[in-house]
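K.L.:
Can you read through this structure? Questions will come right after.
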Amino acid sequence: MAVDASSFIYQEIKKTKKKLDQAMARGDNETAAKLALRISELYKELARARKWGKKSALEMAEEYRRLYERLASGEPLPRAPRGSRGPGRPSGPRGGPGPGGDSEAGELDAEFDAEAEKLIAKADVTWSDIAGLEEAKKALMEAIYYSLARPSDPGVRLEPPRRFLLYGPPGTGKTMLAMAASNMLKATFINVSVDRVLSRYVGDSPRMISAIFRLAYRRAPSIVFFDEVETLVAKRDTGREAATGLVQTFLTELDGFKTKKLDKPVIVMAATNKPWMLDEAILSRFEKRIYIPLPDREARKEIFRLNIEGKGLRLEGITLDELADMTEGYSGRDIANACREATMMMLRRANPDIYKRLESVGSLAELQRQKYRVEPIRREEILAALKKVKPPITKEELRRYEEWARR
């Protein structure tokens with residue numbers, strides 16, 4: 001993690017504002033002008049350093065620049081009584097309290113809220129699109145049903161699980177399960193990727209986490225899906241203050257979300273390829289932890305069928321049963337990638353003249369009228385594709401997942 005430049009700038013702004021208040025309270029315009037200019041420059045530095053909140057920081061820089069000009073011109077400013085903002089202090093961007101006050105924080109939150117809105121994704125996966133994983137499907141279906149339905153006895157108060165941890169090897173369908181659950185619920189699907197949350201500046205990542213949960217409440221029913229959650233909330237034994245702050249914010253939001261009385265359900269799902277890296281406090285918050293293993297033989301056969309016959313394609317010289325037998329240890333993603341590679345091999349064979357055709361095409365509309373040939377995928381093509389896509393998980397790594405699941 002890089003040095004947290006913004007945290008140092010924040011502290012300097014805070015100290016300088018205090019000195020500015022003192023100078024203005026005693027009517028020392030010359031000193032106050034220098035301090036106001038210094039704060040303006042600090043806000044500009046903050047805007048350059050931050051990933052989010054640039055607009056707010058630049059607005060504050062401009063406010064303090066104008067204050068500097070007023071003070072430097074000798075414009076008399078009345079003394080500010082102790083504890084008051086003082087008439088010489090600039091108001092916030094929208095006329096609220098001065099810089100550093102509620103308006104500034106609200107403006108920054110609004111920018112994070114806008115970033116969070118960009119995480120809403122289309123969830124068009126159905127349960128039938130996912131081969132195998134029947135136990136995981138049933139657990140999620142039950143949670144959704146009992147979150148929406150009501151007990152026949154009005155005196156019964158049940159709390160179905162609303163926080164799920166999906167763990168297992170990469171490429172086994174964890175994201176697809178979350179999308180299918182969201183599709184079933186007709187919910188807002190908030191797909192949280194690590195790169196949209198993690199920042200090299202301490203203050204940004206916790207704010208983004210809070211904005212994501214605010215979005216989930218506003219757009220309920222909703223499912224918040226944290227992919228590669230171990231990267232966000234690793235164990236707090238590294239000594240890094242940033243990691244500790246992010247984990248604490250995540251814990252606070254999970255606890256607050258669980259105690260909220262919501263008219264429409266909000267479900268939190270997290271996926272991890274390395275559950276042993278998760279902070280213990282985070283693990284304890286997930287009521288349901290579901291192991292998503294590599295697909296068994298029948299599931300592998302179904303994945304091949306979905307990616308070949310399900311797309312209107314055919315095999316020649318090899319059967320789905322043969323493919324299922326020879327792909328033990330492959331994940332669903334590995335098989336899907338191999339099918340795509342084999343499909344491209346078939347298309348190149350069936351359409352050797354597309355490069356000449358492209359040279360003669362004069363417009364997009366003309367290109368869209370072109371037709372290309374589709375033939376059966378041959379045995380040698382699917383086998384060559386499987387050789388290119390080797391499963392990344394070793395037997396030792398699989399044993400580690402199984403041991404962790406048993407514990």
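Following the order of the structure tokens, chains are lettered A, B, ..., residues in each are numbered from 1, and ligands are numbered from 1.
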Which parts of segment 124-295 of chain A does DSSP call strand (DSSP E or B) when run on the backbone here, written out as an MDAnalysis selection string?
P.N.:
chainID A and resid 163:167 188:192 222:226 234 266:272 278 288:291
K.L.:
Give me, as an MDAnalysis selection string, all polymer residues having an atom no more than 12 Å from Ile354 of chain A, counting only C-alpha atoms and skipping those fewer than 6 positions away in the same chain.
P.N.:
chainID A and resid 347:348 360:361 367 370:373
K.L.:
How would the residues just picked look written out with C-alpha atoms as a PDB file, in the first residue's frame?
P.N.:
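Heads up, here's the output in again_9.pdb:
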ATOM      1  CA  LEU A 347     -14.942 -20.599 -37.105  1.00  0.00           C
ATOM      2  CA  ARG A 348     -11.431 -20.025 -38.482  1.00  0.00           C
ATOM      3  CA  SER A 360     -14.146  -5.343 -49.414  1.00  0.00           C
ATOM      4  CA  VAL A 361     -16.604  -4.141 -46.756  1.00  0.00           C
ATOM      5  CA  LEU A 367     -20.627  -5.756 -42.411  1.00  0.00           C
ATOM      6  CA  GLN A 370     -22.490 -10.554 -43.873  1.00  0.00           C
ATOM      7  CA  LYS A 371     -23.128 -14.242 -43.046  1.00  0.00           C
ATOM      8  CA  TYR A 372     -20.459 -16.620 -41.740  1.00  0.00           C
ATOM      9  CA  ARG A 373     -20.473 -20.420 -41.779  1.00  0.00           C
TER      10      ARG A 373
END
K.L.:
So which residues of segment 205-320 of chain A fall under helix (DSSP H, G or I) by DSSP, listed as a PyMOL selection string?
P.N.:
chain A and resi 205-218+229-232+241-259+275-277+280-285+297-307+309-311+320
K.L.:
Residues within 8 Å of Arg163 of chain A, please, as a ChimeraX atom specification. Count only C-alpha atoms; anything in the same chain fewer than 4 positions from it doesn't count.
P.N.:
/A:267-269,285-288
K.L.:
Write out as a list in words which residues come within 6 Å of segment 208-217 of chain A when counting only C-alpha atoms, dropping same-chain ones fewer than 2 positions away.
P.N.:
Phe112, Asp113, Ala116, Ser205, Pro206, Arg219, Ala220 and Ser222 of chain A
K.L.:
For a quick check of understanding, using only C-alpha atoms, which of A:Ala181, A:Leu232, A:Leu165, A:Cys339 has the smallest distance to Arg289 of chain A?
P.N.:
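Checking each candidate against Arg289 of chain A, we get A:Leu165 as the closest.
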K.L.:
Rank A:Lys19, A:Glu111, A:Met346, A:Gly74 by their smallest atom-to-atom distance to Lys54 of chain A, using only C-alpha atoms, and report the top residue only.
P.N.:
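The closest residue to Lys54 of chain A is A:Glu111.
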K.L.:
When distances are computed from only C-alpha atoms, which of A:Tyr64, A:Phe8, A:Phe304, A:Tyr355 shows the smallest separation from Asp334 of chain A?
P.N.:
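Answer, going by the shortest atom-to-atom distance: A:Phe304.
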K.L.:
Report as an NGL selection string all protein, DNA and RNA residues lying within 7 Å of segment 381-397 of chain A, evaluated on only C-alpha atoms, omitting residues in the same chain fewer than 3 positions from it.
P.N.:
:A and (329-331 or 334 or 338-339 or 341-342 or 345 or 377-378 or 400-401)
K.L.:
Pick out the closest residue to Val266 of chain A from this set: A:Asn29, A:Thr175, A:Ser182, A:Gln22. Count only C-alpha atoms.
P.N.:
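Result for the nearest residue to Val266 of chain A: A:Ser182.
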